[in-house]
Amino acid sequence: MSDFTVGETDFLLDGRPVRLLSGALHYFRVHEEQWDHRLALLRAMGLNCVETYVPWNLHEPRPGSFQDVGALGRFLDAAREAGLWAIVRPGPYICAEWENGGLPHWVTGELGARARTRDERFLQYVDRWFHRLLSEVVPRQLDRGGPVIMVQVENEYGSYGSDADYLARLTELLRAQGVTVPLFTSDGPEDHMLTGGSVPGLLATVNFGSHARVAFETLRRHQPRGPLMCMEFWCGWFDHWGGEHVVRDAGDATAALREILDCGASVNVYMAHGGTNFAGWAGANRPGGDLHEGPLEADVTSYDYDAPIDEYGRPTEKFWRFREVLAGYHAEALPEPPPAPAGLVSAADVAVTGWASLAGVLEALGGPERVHAVPPTFEELGIGRGLVRYAADVPGPRQPYPLTARALRDLAVVYVDGERAGVLTEEEPQLKEPIAGPARVELWVESLGRVNYGPRSGETKGITGGLLHERQFLHGVRARGLDLDAFEGGVGEVSFGPLPADGAPGWYRGTVTVHGAGDARVELPGWTRGFVWINGFNLGRYWSAGPQESLYVPGPVLKEGENEVWILELQETDQRTVRLAPL
């Protein structure tokens with residue numbers, strides 16, 4: 001059995017100093033059949049460790065109902081087989097550009113700002129979650145023959161709060177559940193973040209993308225002794241829908257990596273391989289201003305991150321430049337990268353032949369419709385990722401007045417007496433054309449991802465401030481939710497008919513025949529916004545707003561011969577086909 005400890009100046013493995021050369025790879029953003037390939041690429045880049053977050057909301061979608069928590073254990077076993085140590089960051093909050101920062105919507109919906117504090121109800125939920133989660137981690141610690149060498153307490157807590165009692169309670173929970181490897185915290189290299197997020201007696205690490213010497217000088221003011229480590233070296237960045245694609249020059253990133261290592265520090269490359277936000281799990285941000293309370297900017301499906309290993313699992317120029325630097329920290333030659341996975345041999349068009357209206361899909365797969373005094377939030381309806389149909393009657397007779405969805409989060413397609421009347425957003429929550437009464441109004445409201453960072457994290461979704469006609473609230477609102485998870489069971493009782501002449505929103509169904517299955521991408525020119533499934537696997541959200549123009553299809557999802565394709569278009573389309581293309 002090996003012993004990994006935190007010394008006064010170094011990490012120690014059985015008393016010998018070691019340098020951690022780690023890379024972030026989230027098991028939940030990579031198809032399980034591709035883990036081995038991606039982990040082998042980390043080894044080939046010169047890394048000796050892999051780091052992963054754990055998203056609580058993915059594994060406990062409903063209170064007390066756990067879903068495939070064993071995936072973490074299987075990933076840690078794969079890391080061990082690949083010859084890598086592992087760092088586990090279980091949160092309970094993870095940020096990670098992930099829906100709600102990894103917190104379940106049913107937790108933040110109930111507790112609001114009491115989440116991520118010493119609040120007893122929150123800690124009870126965390127205790128139940130950790131009890132299940134850590135059964136995957138504790139037996140796989142290094143001193144028990146596994147790869148896990150460190151476990152994180154919370155995540156960048158100093159960017160959010162200052163509840164030292166909360167951090168101490170989390171530390172106690174982790175130790176009580178059997179975590180014996182070193183615990184640590186990670187925060188930005190700023191005084192207020194380190195004072196708010198550190199735990200006395202635990203190793204503090206810092207997160208940054210450049211200026212390593214300055215960052216470590218700040219850390220040393222708070223922690224005079226102990227190993228230096230950049231727990232998140234931001235070698236790239238992520239994209240938002242409607243924004244520009246973000247890249248970081250490979251030479252600039254390599255120089256920043258070299259500076260970290262020249263300081264004698266350990267490093268975790270964030271991200272070494274980003275992967276994909278499958279199934280609509282991408283989060284959102286409000287980056288405007290120093291307080292992160294600006295307009296919502298939803299994260300795209302791709303989590304490529306301009307990482308050394310791209311979304312498709314291919315080494316980039318950054319990979320080779322990093323490998324040159326990291327090779328100097330190994331006594332033996334680095335292994336060669338594994339061969340690329342098989343790719344789709346030739347392009348093929350999906351023949352879209354069936355359609356069901358959104359109302360029909362809602363009837364078959366949605367929750368019950370109930371009447372509420374005011375519009376309920378997604379959280380009150382138990383909707384995590386998906387949409388809600390709100391319906392209200394405008395009394396009459398009355399003259400035309402503006403209709404406003406107050407505090408709308410995030411986007412609503414509006415129908416008045418069955419005719420589409422416009423699209424509302426948080427910034428433009430009022431219909432351009434006034435409505436006279438009597439009239440029936442329907443608003444199909446979609447969540448674009450819950451905020452994953454800053455003081456607005458955990459905010460509710462839906463029409464959260466009421467529905468106004470002029471200054472008068474409309475009451476007796478009917479609401480019915482459709483969660484994305486409802487599609488996991490397949491088409492169910494959905495009744496499909498011929499394609500609509502007007503490209504109306506709905507569930508489009510088709511097939512594509514594949515010869516030479518492998519990694520591919522789906523191209524959707526002419527489609528507006530929605531989700532795509534292939535053989536029941538949710539590839540994630542598409543949106544004509546860009547910058548992402550196609551969706552990645554992992555090779556294991558496709559099969560030789562006929563493949564079933566579903567497209568949930570939420571706004572409109574002028575197309576009858578989509579294209580399956582090679583990478």
# chains A, B, ... in the order shown; residues from 1 in each chain; ligands from 1

call {"tool": "select_by_dssp", "arguments": {"residues": "segment 252-500 of chain A", "states": "helix (DSSP H, G or I)", "output": "PyMOL selection string"}}
result
chain A and resi 252-262+278-280+317-327+358-365+378-381+484-489

call {"tool": "write_last_selection", "arguments": {"atoms": "C-alpha atoms", "output": "compact mmCIF listing (two decimals), in the first residue's frame"}}
result
# COMPACT_ATOMS: atom_id res chain seq x y z
CA ASP A 252 0.89 31.57 -24.93
CA ALA A 253 -0.68 28.67 -23.03
CA THR A 254 2.56 26.68 -23.18
CA ALA A 255 4.55 29.59 -21.76
CA ALA A 256 2.06 29.88 -18.90
CA LEU A 257 2.36 26.14 -18.18
CA ARG A 258 6.14 26.39 -18.16
CA GLU A 259 5.98 29.28 -15.69
CA ILE A 260 3.87 27.19 -13.28
CA LEU A 261 6.35 24.32 -13.41
CA ASP A 262 9.35 26.67 -13.12
CA PHE A 278 -24.75 15.87 -23.65
CA ALA A 279 -28.48 15.79 -22.82
CA GLY A 280 -28.86 19.52 -22.16
CA GLU A 317 -1.10 21.77 -31.45
CA LYS A 318 -1.51 22.61 -27.75
CA PHE A 319 -1.22 18.88 -26.95
CA TRP A 320 2.11 18.57 -28.71
CA ARG A 321 3.48 21.79 -27.19
CA PHE A 322 2.45 20.71 -23.69
CA ARG A 323 3.92 17.26 -24.29
CA GLU A 324 7.31 18.83 -25.08
CA VAL A 325 7.29 20.66 -21.76
CA LEU A 326 5.96 17.80 -19.64
CA ALA A 327 8.37 15.25 -21.13
CA LEU A 358 -45.39 19.99 -29.11
CA ALA A 359 -48.87 19.74 -27.63
CA GLY A 360 -49.00 16.07 -28.59
CA VAL A 361 -45.57 15.39 -27.09
CA LEU A 362 -46.58 17.22 -23.93
CA GLU A 363 -49.77 15.17 -23.70
CA ALA A 364 -47.85 11.90 -24.05
CA LEU A 365 -44.70 12.59 -22.01
CA PHE A 378 -39.90 25.00 -13.07
CA GLU A 379 -38.72 23.95 -9.63
CA GLU A 380 -42.26 23.91 -8.26
CA LEU A 381 -43.27 21.67 -11.16
CA LEU A 484 -35.92 16.19 -21.01
CA ASP A 485 -35.53 13.05 -18.93
CA ALA A 486 -39.05 12.02 -20.04
CA PHE A 487 -37.61 11.20 -23.47
CA GLU A 488 -35.31 8.50 -22.08
CA GLY A 489 -38.08 5.94 -22.42

call {"tool": "closest_residue", "arguments": {"among": "A:Asn452, A:Thr218, A:Ser302, A:Thr577", "to": "Asn155 of chain A", "atoms": "only C-alpha atoms"}}
result
A:Asn452

call {"tool": "residues_around", "arguments": {"residues": "Met1 of chain A", "least_positions_apart": "6", "cutoff": "10 Å", "atoms": "only C-alpha atoms", "output": "list in words"}}
result
Asp14, Leu142, Asp143, Arg144, Gly145 and Gly146 of chain A

call {"tool": "write_last_selection", "arguments": {"atoms": "N, CA, C and O atoms", "output": "short mmCIF file (atom, residue, chain, number, x, y, z; two decimals), in the first residue's frame"}}
result
data_model
loop_
_atom_site.label_atom_id
_atom_site.label_comp_id
_atom_site.auth_asym_id
_atom_site.auth_seq_id
_atom_site.Cartn_x
_atom_site.Cartn_y
_atom_site.Cartn_z
N ASP A 14 5.07 7.87 -0.19
CA ASP A 14 5.91 7.02 0.64
C ASP A 14 7.19 7.75 1.06
O ASP A 14 8.29 7.19 1.06
N LEU A 142 -5.69 5.59 -2.52
CA LEU A 142 -4.36 5.05 -2.78
C LEU A 142 -3.93 4.05 -1.72
O LEU A 142 -3.34 3.01 -2.03
N ASP A 143 -4.25 4.35 -0.45
CA ASP A 143 -3.81 3.45 0.61
C ASP A 143 -4.60 2.15 0.65
O ASP A 143 -4.34 1.28 1.50
N ARG A 144 -5.58 2.01 -0.25
CA ARG A 144 -6.32 0.75 -0.37
C ARG A 144 -6.11 0.12 -1.74
O ARG A 144 -6.88 -0.74 -2.16
N GLY A 145 -5.08 0.57 -2.43
CA GLY A 145 -4.75 0.00 -3.73
C GLY A 145 -5.39 0.68 -4.91
O GLY A 145 -5.27 0.21 -6.04
N GLY A 146 -6.08 1.79 -4.68
CA GLY A 146 -6.73 2.51 -5.76
C GLY A 146 -5.94 3.71 -6.22
O GLY A 146 -4.83 3.97 -5.75
#

call {"tool": "residues_around", "arguments": {"residues": "Leu443 of chain A", "least_positions_apart": "6", "cutoff": "6 Å", "atoms": "only C-alpha atoms", "output": "PyMOL selection string"}}
result
chain A and resi 389-390+412-414

call {"tool": "write_last_selection", "arguments": {"atoms": "all heavy atoms", "output": "PDB file, in the first residue's frame"}}
result
ATOM      1  N   ARG A 389     -45.340  24.648 -20.499  1.00  0.00           N
ATOM      2  CA  ARG A 389     -46.384  25.391 -21.200  1.00  0.00           C
ATOM      3  C   ARG A 389     -47.278  26.068 -20.161  1.00  0.00           C
ATOM      4  O   ARG A 389     -47.907  25.403 -19.339  1.00  0.00           O
ATOM      5  CB  ARG A 389     -47.231  24.477 -22.076  1.00  0.00           C
ATOM      6  CG  ARG A 389     -48.300  25.244 -22.873  1.00  0.00           C
ATOM      7  CD  ARG A 389     -49.222  24.305 -23.633  1.00  0.00           C
ATOM      8  NE  ARG A 389     -50.067  23.523 -22.713  1.00  0.00           N
ATOM      9  CZ  ARG A 389     -50.874  22.540 -23.116  1.00  0.00           C
ATOM     10  NH1 ARG A 389     -50.922  22.207 -24.399  1.00  0.00           N
ATOM     11  NH2 ARG A 389     -51.599  21.871 -22.238  1.00  0.00           N
ATOM     12  N   TYR A 390     -47.292  27.397 -20.234  1.00  0.00           N
ATOM     13  CA  TYR A 390     -48.204  28.179 -19.402  1.00  0.00           C
ATOM     14  C   TYR A 390     -49.373  28.631 -20.276  1.00  0.00           C
ATOM     15  O   TYR A 390     -49.164  29.058 -21.423  1.00  0.00           O
ATOM     16  CB  TYR A 390     -47.509  29.416 -18.846  1.00  0.00           C
ATOM     17  CG  TYR A 390     -46.335  29.151 -17.917  1.00  0.00           C
ATOM     18  CD1 TYR A 390     -45.033  29.091 -18.410  1.00  0.00           C
ATOM     19  CD2 TYR A 390     -46.529  28.978 -16.553  1.00  0.00           C
ATOM     20  CE1 TYR A 390     -43.960  28.872 -17.575  1.00  0.00           C
ATOM     21  CE2 TYR A 390     -45.459  28.759 -15.699  1.00  0.00           C
ATOM     22  CZ  TYR A 390     -44.169  28.698 -16.218  1.00  0.00           C
ATOM     23  OH  TYR A 390     -43.101  28.487 -15.377  1.00  0.00           O
ATOM     24  N   ALA A 412     -39.409  32.365 -24.169  1.00  0.00           N
ATOM     25  CA  ALA A 412     -40.794  31.908 -24.342  1.00  0.00           C
ATOM     26  C   ALA A 412     -41.254  32.141 -25.771  1.00  0.00           C
ATOM     27  O   ALA A 412     -41.087  33.239 -26.311  1.00  0.00           O
ATOM     28  CB  ALA A 412     -41.722  32.649 -23.381  1.00  0.00           C
ATOM     29  N   VAL A 413     -41.824  31.121 -26.382  1.00  0.00           N
ATOM     30  CA  VAL A 413     -42.523  31.256 -27.658  1.00  0.00           C
ATOM     31  C   VAL A 413     -44.003  31.418 -27.321  1.00  0.00           C
ATOM     32  O   VAL A 413     -44.584  30.577 -26.626  1.00  0.00           O
ATOM     33  CB  VAL A 413     -42.291  30.039 -28.562  1.00  0.00           C
ATOM     34  CG1 VAL A 413     -43.015  30.223 -29.896  1.00  0.00           C
ATOM     35  CG2 VAL A 413     -40.795  29.828 -28.808  1.00  0.00           C
ATOM     36  N   VAL A 414     -44.613  32.516 -27.804  1.00  0.00           N
ATOM     37  CA  VAL A 414     -45.950  32.907 -27.367  1.00  0.00           C
ATOM     38  C   VAL A 414     -46.962  32.697 -28.488  1.00  0.00           C
ATOM     39  O   VAL A 414     -46.694  33.032 -29.652  1.00  0.00           O
ATOM     40  CB  VAL A 414     -45.972  34.385 -26.915  1.00  0.00           C
ATOM     41  CG1 VAL A 414     -47.349  34.746 -26.350  1.00  0.00           C
ATOM     42  CG2 VAL A 414     -44.886  34.643 -25.878  1.00  0.00           C
TER      43      VAL A 414
END

call {"tool": "closest_residue", "arguments": {"among": "A:Leu202, A:Val578, A:Ala115, A:Leu539", "to": "Glu523 of chain A", "atoms": "only C-alpha atoms"}}
result
A:Val578

call {"tool": "residues_around", "arguments": {"residues": "Ala479 of chain A", "least_positions_apart": "3", "cutoff": "7 Å", "atoms": "only C-alpha atoms", "output": "number ranges by chain"}}
result
A: 369-371, 388-391

call {"tool": "write_last_selection", "arguments": {"atoms": "N, CA, C and O atoms", "output": "short mmCIF file (atom, residue, chain, number, x, y, z; two decimals), in the first residue's frame"}}
result
data_model
loop_
_atom_site.label_atom_id
_atom_site.label_comp_id
_atom_site.auth_asym_id
_atom_site.auth_seq_id
_atom_site.Cartn_x
_atom_site.Cartn_y
_atom_site.Cartn_z
N GLU A 369 -51.35 18.65 -15.95
CA GLU A 369 -51.65 20.08 -16.00
C GLU A 369 -52.51 20.44 -14.79
O GLU A 369 -53.50 19.76 -14.49
N ARG A 370 -52.10 21.52 -14.13
CA ARG A 370 -52.85 22.00 -12.97
C ARG A 370 -53.02 23.51 -13.09
O ARG A 370 -52.26 24.18 -13.80
N VAL A 371 -54.02 24.01 -12.39
CA VAL A 371 -54.28 25.44 -12.36
C VAL A 371 -53.63 26.03 -11.12
O VAL A 371 -53.76 25.49 -10.02
N VAL A 388 -41.87 24.36 -20.07
CA VAL A 388 -43.18 24.40 -19.43
C VAL A 388 -44.13 25.18 -20.32
O VAL A 388 -43.77 26.24 -20.85
N ARG A 389 -45.34 24.65 -20.50
CA ARG A 389 -46.38 25.39 -21.20
C ARG A 389 -47.28 26.07 -20.16
O ARG A 389 -47.91 25.40 -19.34
N TYR A 390 -47.29 27.40 -20.23
CA TYR A 390 -48.20 28.18 -19.40
C TYR A 390 -49.37 28.63 -20.28
O TYR A 390 -49.16 29.06 -21.42
N ALA A 391 -50.58 28.57 -19.74
CA ALA A 391 -51.76 29.03 -20.48
C ALA A 391 -52.60 29.89 -19.55
O ALA A 391 -52.80 29.57 -18.37
#

call {"tool": "select_by_dssp", "arguments": {"residues": "segment 27-145 of chain A", "states": "strand (DSSP E)", "output": "PyMOL selection string"}}
result
chain A and resi 49-53+85-89

call {"tool": "residues_around", "arguments": {"residues": "segment 564-574 of chain A", "least_positions_apart": "5", "cutoff": "7 Å", "atoms": "only C-alpha atoms", "output": "PDB file with N, CA, C and O atoms, in the first residue's frame"}}
result
ATOM      1  N   GLY A 503     -43.422  24.041 -41.127  1.00  0.00           N
ATOM      2  CA  GLY A 503     -42.210  23.902 -40.321  1.00  0.00           C
ATOM      3  C   GLY A 503     -42.434  24.196 -38.856  1.00  0.00           C
ATOM      4  O   GLY A 503     -41.577  24.755 -38.171  1.00  0.00           O
ATOM      5  N   ALA A 504     -43.600  23.815 -38.355  1.00  0.00           N
ATOM      6  CA  ALA A 504     -43.964  24.114 -36.979  1.00  0.00           C
ATOM      7  C   ALA A 504     -43.056  23.376 -35.997  1.00  0.00           C
ATOM      8  O   ALA A 504     -42.449  22.350 -36.324  1.00  0.00           O
ATOM      9  N   PRO A 505     -42.958  23.893 -34.775  1.00  0.00           N
ATOM     10  CA  PRO A 505     -42.177  23.182 -33.765  1.00  0.00           C
ATOM     11  C   PRO A 505     -42.816  21.839 -33.443  1.00  0.00           C
ATOM     12  O   PRO A 505     -44.007  21.628 -33.664  1.00  0.00           O
ATOM     13  N   GLY A 506     -42.028  20.933 -32.925  1.00  0.00           N
ATOM     14  CA  GLY A 506     -42.531  19.620 -32.572  1.00  0.00           C
ATOM     15  C   GLY A 506     -41.418  18.600 -32.574  1.00  0.00           C
ATOM     16  O   GLY A 506     -40.228  18.924 -32.681  1.00  0.00           O
ATOM     17  N   TRP A 507     -41.828  17.348 -32.482  1.00  0.00           N
ATOM     18  CA  TRP A 507     -40.883  16.235 -32.450  1.00  0.00           C
ATOM     19  C   TRP A 507     -40.840  15.609 -33.829  1.00  0.00           C
ATOM     20  O   TRP A 507     -41.812  15.002 -34.291  1.00  0.00           O
ATOM     21  N   TYR A 508     -39.705  15.747 -34.492  1.00  0.00           N
ATOM     22  CA  TYR A 508     -39.491  15.185 -35.822  1.00  0.00           C
ATOM     23  C   TYR A 508     -38.747  13.851 -35.680  1.00  0.00           C
ATOM     24  O   TYR A 508     -37.804  13.729 -34.901  1.00  0.00           O
ATOM     25  N   ARG A 509     -39.184  12.906 -36.495  1.00  0.00           N
ATOM     26  CA  ARG A 509     -38.651  11.548 -36.383  1.00  0.00           C
ATOM     27  C   ARG A 509     -38.158  11.090 -37.746  1.00  0.00           C
ATOM     28  O   ARG A 509     -38.812  11.333 -38.766  1.00  0.00           O
ATOM     29  N   GLY A 510     -36.981  10.439 -37.744  1.00  0.00           N
ATOM     30  CA  GLY A 510     -36.448   9.953 -39.013  1.00  0.00           C
ATOM     31  C   GLY A 510     -35.445   8.842 -38.798  1.00  0.00           C
ATOM     32  O   GLY A 510     -35.200   8.397 -37.670  1.00  0.00           O
ATOM     33  N   THR A 511     -34.850   8.386 -39.885  1.00  0.00           N
ATOM     34  CA  THR A 511     -33.847   7.333 -39.829  1.00  0.00           C
ATOM     35  C   THR A 511     -32.697   7.684 -40.762  1.00  0.00           C
ATOM     36  O   THR A 511     -32.847   8.485 -41.696  1.00  0.00           O
ATOM     37  N   VAL A 512     -31.557   7.079 -40.477  1.00  0.00           N
ATOM     38  CA  VAL A 512     -30.403   7.229 -41.357  1.00  0.00           C
ATOM     39  C   VAL A 512     -29.684   5.885 -41.402  1.00  0.00           C
ATOM     40  O   VAL A 512     -29.517   5.221 -40.389  1.00  0.00           O
ATOM     41  N   GLY A 526     -30.795  25.445 -41.077  1.00  0.00           N
ATOM     42  CA  GLY A 526     -32.215  25.670 -41.296  1.00  0.00           C
ATOM     43  C   GLY A 526     -33.097  25.283 -40.125  1.00  0.00           C
ATOM     44  O   GLY A 526     -34.291  25.589 -40.126  1.00  0.00           O
ATOM     45  N   TRP A 527     -32.527  24.606 -39.138  1.00  0.00           N
ATOM     46  CA  TRP A 527     -33.249  24.311 -37.900  1.00  0.00           C
ATOM     47  C   TRP A 527     -32.910  25.406 -36.894  1.00  0.00           C
ATOM     48  O   TRP A 527     -31.810  25.953 -36.915  1.00  0.00           O
ATOM     49  N   THR A 528     -33.830  25.723 -35.993  1.00  0.00           N
ATOM     50  CA  THR A 528     -33.628  26.899 -35.140  1.00  0.00           C
ATOM     51  C   THR A 528     -33.042  26.550 -33.779  1.00  0.00           C
ATOM     52  O   THR A 528     -31.945  27.003 -33.429  1.00  0.00           O
ATOM     53  N   ARG A 529     -33.747  25.764 -32.986  1.00  0.00           N
ATOM     54  CA  ARG A 529     -33.288  25.512 -31.616  1.00  0.00           C
ATOM     55  C   ARG A 529     -33.996  24.287 -31.067  1.00  0.00           C
ATOM     56  O   ARG A 529     -35.214  24.154 -31.193  1.00  0.00           O
ATOM     57  N   GLY A 530     -33.225  23.393 -30.467  1.00  0.00           N
ATOM     58  CA  GLY A 530     -33.835  22.204 -29.895  1.00  0.00           C
ATOM     59  C   GLY A 530     -32.798  21.179 -29.498  1.00  0.00           C
ATOM     60  O   GLY A 530     -31.657  21.521 -29.168  1.00  0.00           O
ATOM     61  N   PHE A 531     -33.188  19.900 -29.567  1.00  0.00           N
ATOM     62  CA  PHE A 531     -32.328  18.804 -29.139  1.00  0.00           C
ATOM     63  C   PHE A 531     -32.395  17.670 -30.154  1.00  0.00           C
ATOM     64  O   PHE A 531     -33.398  17.495 -30.843  1.00  0.00           O
ATOM     65  N   VAL A 532     -31.312  16.882 -30.203  1.00  0.00           N
ATOM     66  CA  VAL A 532     -31.227  15.755 -31.130  1.00  0.00           C
ATOM     67  C   VAL A 532     -30.872  14.486 -30.354  1.00  0.00           C
ATOM     68  O   VAL A 532     -29.974  14.508 -29.495  1.00  0.00           O
ATOM     69  N   TRP A 533     -31.572  13.402 -30.673  1.00  0.00           N
ATOM     70  CA  TRP A 533     -31.263  12.075 -30.153  1.00  0.00           C
ATOM     71  C   TRP A 533     -30.905  11.159 -31.320  1.00  0.00           C
ATOM     72  O   TRP A 533     -31.524  11.236 -32.385  1.00  0.00           O
ATOM     73  N   ILE A 534     -29.932  10.295 -31.116  1.00  0.00           N
ATOM     74  CA  ILE A 534     -29.667   9.206 -32.068  1.00  0.00           C
ATOM     75  C   ILE A 534     -29.699   7.905 -31.275  1.00  0.00           C
ATOM     76  O   ILE A 534     -28.975   7.754 -30.281  1.00  0.00           O
ATOM     77  N   ASN A 535     -30.563   7.002 -31.702  1.00  0.00           N
ATOM     78  CA  ASN A 535     -30.746   5.722 -31.021  1.00  0.00           C
ATOM     79  C   ASN A 535     -30.979   5.917 -29.520  1.00  0.00           C
ATOM     80  O   ASN A 535     -30.477   5.147 -28.683  1.00  0.00           O
TER      81      ASN A 535
END

call {"tool": "residues_around", "arguments": {"residues": "segment 419-430 of chain A", "least_positions_apart": "4", "cutoff": "8 Å", "atoms": "only C-alpha atoms", "output": "JSON, numbers by chain"}}
result
{"A": [295, 402, 403, 404, 405, 406, 407, 408, 409, 410, 411, 412, 413, 414, 415]}

call {"tool": "closest_residue", "arguments": {"among": "A:Glu562, A:Glu156, A:Asp127, A:Asp483", "to": "Thr195 of chain A", "atoms": "only C-alpha atoms"}}
result
A:Glu156

call {"tool": "closest_residue", "arguments": {"among": "A:Pro104, A:Pro376, A:Pro139, A:Gly382", "to": "Gly476 of chain A", "atoms": "only C-alpha atoms"}}
result
A:Pro376

call {"tool": "atom_distance", "arguments": {"atom1": "atom CA of Gly274 of chain A", "atom2": "atom CA of Arg579 of chain A"}}
result
24.5 Å

call {"tool": "atom_distance", "arguments": {"atom1": "atom CA of Cys95 of chain A", "atom2": "atom CA of Phe130 of chain A"}}
result
17.7 Å

call {"tool": "closest_atom_pairs", "arguments": {"of": "segment 250-336 of chain A", "to": "segment 550-558 of chain A", "cutoff": "9 Å", "atoms": "only C-alpha atoms", "output": "Markdown table"}}
result
| residue | atom | partner | partner_atom | distance |
| --- | --- | --- | --- | --- |
| A:Thr276 | CA | A:Tyr552 | CA | 7.7 |
| A:Thr301 | CA | A:Leu551 | CA | 7.7 |
| A:Ser302 | CA | A:Leu551 | CA | 7.6 |
| A:Glu311 | CA | A:Tyr552 | CA | 7.9 |
| A:Tyr312 | CA | A:Tyr552 | CA | 7.4 |

call {"tool": "closest_residue", "arguments": {"among": "A:Trp106, A:Phe473, A:Tyr453, A:Trp241", "to": "Ser159 of chain A", "atoms": "only C-alpha atoms"}}
result
A:Tyr453

call {"tool": "closest_residue", "arguments": {"among": "A:Tyr401, A:Glu470, A:Leu482, A:Glu297", "to": "Gly366 of chain A", "atoms": "only C-alpha atoms"}}
result
A:Leu482

call {"tool": "atom_distance", "arguments": {"atom1": "atom CA of Arg132 of chain A", "atom2": "atom CA of Leu170 of chain A"}}
result
14.9 Å
